[in-house]
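Chemist: Below you'll find the structure I mean.
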Amino acid sequence: MKIYNTLTRKKEEFIPIEQGKVRMYVCGPTVYNYIHIGNARPMVVFDTVRRYMEHKGYEVNYVSNFTDVDDKIIKKSVEEGVDSSVISERYIEECKKDMEGLNVRPATTHPKATEEIGGMLDMINTLIEKGHAYTGADGTVYFRTRSFKDYGKLSHKNIDDLQGGNRSLLVSGEEQKEDPLDFVLWKPKKEGEPYWESPWCDGRPGWHIECSVMSKKYLGEEIDIHAGGEDLIFPHHENEVAQSEAANGKIFSRYWMHNAFLSIDNKKMSKSAGNFFTVREIAEKYDLQAVRFFLLSAHYRSPLNFSEELMEAAKNGYDRIVTSVGNLKYLMENVSAETINEREEELLKEAASFTDKFDAAMEEDFNTADAIAVIFELVKFANQNASASNSKGFLKALSDEIILLSDICGLIVEREEQMLDSDIEKLIEERQAARKNKDFARADEIRNELLQKGIILEDTREGVKWKRA
Ligand code: AMP
Ligand code: ZN
């Protein structure tokens, strides 16, 4: 299995630290809003990496954090007049719902920064003791960047170029830094903000230290894979490397994987520019399985542009697989023979070669674009050979193979029976009653339940209308 390693800028054979086991950390979202489909890309991509590794027999310890203390969370909590934990807990729950819709499996552990402060104090202490960190007059703790001789190795930056480019960092409030390159490990509280006691000042952690500490606690000092979007390479991951390796004296992560960005209409998707779609918005229009298909339709290191046309194409592609599996199921219910004849044995040998091709694509740095193309070839092969068969065993073998390969990509292609119109209408009536009783939580729950089953509700002046996605 080959992985492109940002650290070496090469595709390398994957050799785990411990045979048969993978220790993997994926930087998770800052929870102050619904996640957008850009955020969904690393979730889907690295969930697929995990699934493939498990398929190969590895035991994967997969850790992904929630950053639940941050300026943006605090800002929103002030706007709403609630505690910042109300905001973070709300959006953690919403994020989990979106992950479920995208069929992103929960991590082995989802640590939250606010629950790991003790470990952060310990690591910061170690860094101070080893001379890698120091305290400013107001109690801010800084990492002494030049004390880590390998600084820049992940992002392939030269530390001297960085200092030249960053002189302006030495602005008001930062005079107490020894060097503009030094970054914050711990900062003093501001009025009304959440804070924790520490030997240096009442305050809260810097962002980078969170991941170094959570990775160490749940996966150990040395891990196999650390991953996230490419915007995290610098400074976030570079700083994580510096902190972890300076504190632990060991190589932090052997492989670093970074997904390219998702853009909209060829412009970078960003919350501040307002050009983004939340997963929630997209789910109103498209089955999230089609969205997952779309996100995997390009190699994870290629930029991907979101547009209605491409999304329609993804929907059609995904439907083609679902239809084929549905068709095989229908045929299976209507044939009489259990056994597989000689010619069908031969055909199944041919079909097995698609699995080999699929594996070969995934072994090449998880080329899901090629892997999905192989699923299409298999679907075509199945469609061509199914209707002439009278054998349940043959049809089932084809169907199982399509389902297995789709499942490795996390694509649910075996859909349940469609909901009956009468059941949908009953639920809509229940939702109307809940709304009348101001039980909006139940009303939302029903809306989401229907959405999960591909039923979209529209509140119009003439009443509630519904349609199938
Ligand atoms: P954030 O909440 O901004 O820290 O982002 C969470 C994860 O989503 C990180 O791994 C980011 O790199 C990733 N991410 C954010 N925006 C995009 C985007 N437009 N395309 C791909 N990945 C993104
Ligand atoms: Zn991180």
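As shown in the structure tokens, the chain order sets the letters A, B, ...; within each chain, residues go from 1, and ligands are also counted from 1 in the order they appear.
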I'd like the neighbourhood of Glu333 of chain A as a VMD selection string, where a residue qualifies if any of its atoms comes within 12 Å (using only C-alpha atoms), though same-chain residues fewer than 2 positions away should be ignored.

Modeler: chain A and resid 326 to 331 335 to 338 390 to 393 395 to 396

Chemist: Would you tabulate, counting only C-alpha atoms and all ligand atoms, all residues of chain A that have an atom at most 9 Å from an atom of ligand 1, showing the closest pair of atoms and their distance in Å to one decimal, sorted by chain then ascending number, as a Markdown table?

Modeler:
```
| residue | atom | partner | partner_atom_place_in_ligand_line | distance |
| --- | --- | --- | --- | --- |
| A:Val26 | CA | ligand 1 | 10 (O) | 7.4 |
| A:Cys27 | CA | ligand 1 | 10 (O) | 5.5 |
| A:Gly28 | CA | ligand 1 | 6 (C) | 5.2 |
| A:Pro29 | CA | ligand 1 | 2 (O) | 3.5 |
| A:Thr30 | CA | ligand 1 | 2 (O) | 4.1 |
| A:Val31 | CA | ligand 1 | 2 (O) | 6.8 |
| A:Tyr32 | CA | ligand 1 | 2 (O) | 8.5 |
| A:Ile35 | CA | ligand 1 | 2 (O) | 7.5 |
| A:His36 | CA | ligand 1 | 16 (N) | 7.6 |
| A:Ile37 | CA | ligand 1 | 19 (N) | 7.2 |
| A:Gly38 | CA | ligand 1 | 18 (C) | 3.5 |
| A:Asn39 | CA | ligand 1 | 8 (O) | 3.6 |
| A:Ala40 | CA | ligand 1 | 8 (O) | 6.7 |
| A:Arg41 | CA | ligand 1 | 21 (C) | 5.3 |
| A:Pro42 | CA | ligand 1 | 10 (O) | 5.8 |
| A:Met43 | CA | ligand 1 | 8 (O) | 7.7 |
| A:Phe66 | CA | ligand 1 | 2 (O) | 8.8 |
| A:Thr67 | CA | ligand 1 | 4 (O) | 7.9 |
| A:Ala227 | CA | ligand 1 | 10 (O) | 7.5 |
| A:Gly228 | CA | ligand 1 | 10 (O) | 3.9 |
| A:Gly229 | CA | ligand 1 | 12 (O) | 3.0 |
| A:Glu230 | CA | ligand 1 | 12 (O) | 5.7 |
| A:Asp231 | CA | ligand 1 | 12 (O) | 5.2 |
| A:Leu232 | CA | ligand 1 | 12 (O) | 5.5 |
| A:Ile233 | CA | ligand 1 | 12 (O) | 8.6 |
| A:His258 | CA | ligand 1 | 12 (O) | 8.0 |
| A:Asn259 | CA | ligand 1 | 21 (C) | 6.5 |
| A:Ala260 | CA | ligand 1 | 21 (C) | 5.9 |
| A:Phe261 | CA | ligand 1 | 20 (N) | 3.5 |
| A:Leu262 | CA | ligand 1 | 20 (N) | 3.8 |
| A:Ser263 | CA | ligand 1 | 19 (N) | 5.7 |
| A:Ile264 | CA | ligand 1 | 19 (N) | 8.4 |
| A:Lys268 | CA | ligand 1 | 19 (N) | 6.4 |
| A:Met269 | CA | ligand 1 | 19 (N) | 4.6 |
| A:Ser270 | CA | ligand 1 | 19 (N) | 6.3 |
| A:Lys271 | CA | ligand 1 | 16 (N) | 8.5 |
| A:Phe276 | CA | ligand 1 | 19 (N) | 8.1 |
| A:Pro303 | CA | ligand 1 | 20 (N) | 8.3 |
| A:Leu304 | CA | ligand 1 | 20 (N) | 8.1 |
```

Chemist: Excluding Tyr318 of chain A and any residue of its chain fewer than 3 positions from it, enumerate the residues within 12 Å of it, using only C-alpha atoms, and give them as a VMD selection string.

Modeler: chain A and resid 286 to 297 311 to 315 321 to 325 372 to 373 375 to 376 379 406 409 411 to 415

Chemist: Counting only C-alpha atoms and all ligand atoms, figure out which residue out of A:Ala113, A:Val184, A:Leu347, A:Ala388 gets nearest to ligand 2.

Modeler: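 Smallest distance to ligand 2 is found for A:Ala113.
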
Chemist: As an exercise, work out the distance from atom CA of Leu121 of chain A to atom CA of Ser198 of chain A in Å and give it to one decimal place.

Modeler: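 Value for the atom CA of Leu121 of chain A-atom CA of Ser198 of chain A distance: 7.1 Å.
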
Chemist: Neighbouring residues of Ser84 of chain A were defined as those with any atom within 12 Å, considering only C-alpha atoms; residues of the same chain fewer than 3 positions away were excluded. Please report them as a list in words.

Modeler: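 Once the nearby chain positions are removed, what remains is Val31, Tyr32, Thr67, Asp68, Val69, Asp70, Asp71, Lys72, Ile73, Ile74, Lys75, Lys76, Ser77, Val78, Glu79, Glu80, Gly81, Ile87, Ser88, Glu89, Arg90, Tyr91, Thr114, Gly192, Glu193, Pro194 and Tyr195 of chain A.
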
Chemist: Fewer than 6 positions away in the same chain doesn't count, so skip those; otherwise give me all residues within 8 Å of segment 438-450 of chain A, counting only C-alpha atoms, as a list in words.

Modeler: Ile424, Leu427, Ile428, Glu430, Arg431, Gln432, Ile456 and Leu457 of chain A

Chemist: Between A:Ser253, A:Ser307, A:Gln452, A:Asn437, which is the closest to Pro16 of chain A once you count only C-alpha atoms?

Modeler: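 Looking at the shortest contact to Pro16 of chain A, the residue is A:Ser253.
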
Chemist: Please measure the separation of atom CA of Ile402 of chain A and atom CA of Lys56 of chain A, giving the value in Å to one decimal.

Modeler: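 These atoms are spaced 17.2 Å apart.
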
Chemist: From the list A:Val63, A:Val374, A:Cys201, A:Leu162, which residue is nearest ligand 2 when using only C-alpha atoms and all ligand atoms?

Modeler: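 Once distances to ligand 2 are computed over only C-alpha atoms and all ligand atoms, the minimum belongs to A:Val63.
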
Chemist: Check the DSSP output for the backbone and give back, as an MDAnalysis selection string, the residues of segment 188-361 of chain A in strand (DSSP E).

Modeler: chainID A and resid 188 203:205 223:229 253:259 262:264 267:268 304:306

Chemist: Return as an MDAnalysis selection string the full set of residues in segment 85-282 of chain A whose backbone-based DSSP assignment is alpha helix (DSSP H).

Modeler: chainID A and resid 85:101 117:129 159:165 207:219 238:248 279:282

Chemist: Those residues with C-alpha atoms, as a CSV table (one decimal), in the first residue's frame please?

Modeler:
```csv
chain,number,residue,atom,x,y,z
A,85,SER,CA,-20.2,24.9,25.9
A,86,VAL,CA,-23.9,25.3,24.7
A,87,ILE,CA,-22.6,26.3,21.3
A,88,SER,CA,-19.9,23.6,21.0
A,89,GLU,CA,-22.2,20.8,22.3
A,90,ARG,CA,-24.9,21.9,19.8
A,91,TYR,CA,-22.6,21.8,16.8
A,92,ILE,CA,-20.9,18.6,17.9
A,93,GLU,CA,-24.3,16.9,17.8
A,94,GLU,CA,-25.2,18.5,14.5
A,95,CYS,CA,-21.8,17.5,13.1
A,96,LYS,CA,-22.4,13.9,14.2
A,97,LYS,CA,-25.8,13.9,12.4
A,98,ASP,CA,-24.1,15.1,9.1
A,99,MET,CA,-21.4,12.4,9.5
A,100,GLU,CA,-24.0,9.8,9.9
A,101,GLY,CA,-25.8,11.0,6.7
A,117,ILE,CA,-6.6,20.6,29.5
A,118,GLY,CA,-4.6,18.5,32.1
A,119,GLY,CA,-2.5,16.9,29.4
A,120,MET,CA,-1.9,20.2,27.8
A,121,LEU,CA,-0.6,21.7,31.0
A,122,ASP,CA,1.7,18.7,31.4
A,123,MET,CA,3.1,19.0,27.9
A,124,ILE,CA,3.6,22.8,28.2
A,125,ASN,CA,5.4,22.2,31.4
A,126,THR,CA,7.7,19.7,29.8
A,127,LEU,CA,8.4,22.1,27.0
A,128,ILE,CA,9.3,24.9,29.5
A,129,GLU,CA,11.6,22.5,31.4
A,159,ILE,CA,13.0,29.0,8.9
A,160,ASP,CA,15.0,32.1,7.9
A,161,ASP,CA,12.7,32.8,5.0
A,162,LEU,CA,9.8,32.6,7.5
A,163,GLN,CA,11.3,35.1,9.8
A,164,GLY,CA,11.8,37.5,7.0
A,165,GLY,CA,8.3,37.2,5.9
A,207,TRP,CA,-4.9,25.7,19.1
A,208,HIS,CA,-1.9,23.6,18.1
A,209,ILE,CA,-1.1,22.1,21.5
A,210,GLU,CA,-4.6,20.5,21.6
A,211,CYS,CA,-3.8,18.0,18.8
A,212,SER,CA,-0.3,17.2,20.0
A,213,VAL,CA,-1.7,16.3,23.4
A,214,MET,CA,-4.8,14.4,22.2
A,215,SER,CA,-2.8,12.4,19.7
A,216,LYS,CA,-0.3,11.4,22.4
A,217,LYS,CA,-3.0,10.4,24.9
A,218,TYR,CA,-5.0,8.2,22.7
A,219,LEU,CA,-2.4,6.9,20.2
A,238,GLU,CA,4.3,22.2,11.4
A,239,ASN,CA,3.7,23.5,15.0
A,240,GLU,CA,2.3,20.2,16.1
A,241,VAL,CA,5.5,18.4,14.9
A,242,ALA,CA,7.7,21.0,16.7
A,243,GLN,CA,5.8,20.7,20.0
A,244,SER,CA,5.4,16.9,20.0
A,245,GLU,CA,9.0,16.1,18.9
A,246,ALA,CA,10.5,18.7,21.2
A,247,ALA,CA,8.5,17.4,24.2
A,248,ASN,CA,8.7,13.6,23.5
A,279,VAL,CA,-23.9,19.7,4.4
A,280,ARG,CA,-27.4,20.4,5.8
A,281,GLU,CA,-28.3,22.6,2.9
A,282,ILE,CA,-27.0,20.1,0.3
```

Chemist: Considering only C-alpha atoms and all ligand atoms, state which residue in the set A:Arg343, A:His226, A:His55, A:Gly20 is at the smallest distance from ligand 2.

Modeler: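 Going through A:Arg343, A:His226, A:His55, A:Gly20 one by one, the smallest distance to ligand 2 is for A:His226.
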
Chemist: Which is closer to ligand 2 than all the others in A:Pro235, A:Gly317, A:Gly410, A:Gly203, using only C-alpha atoms and all ligand atoms?

Modeler: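 Closest to ligand 2 of all the choices is A:Pro235.
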
Chemist: Pick from A:Pro188, A:Val45, A:Asn341, A:Asp423: nearest to Ala298 of chain A, with only C-alpha atoms counted?

Modeler: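 Distance minimum relative to Ala298 of chain A lands on A:Val45.
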
Chemist: Go ahead and compute the interatomic distance for atom CA of Ser399 of chain A and atom CA of Glu59 of chain A, in Å to one decimal.

Modeler: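 These atoms are spaced 26.7 Å apart.
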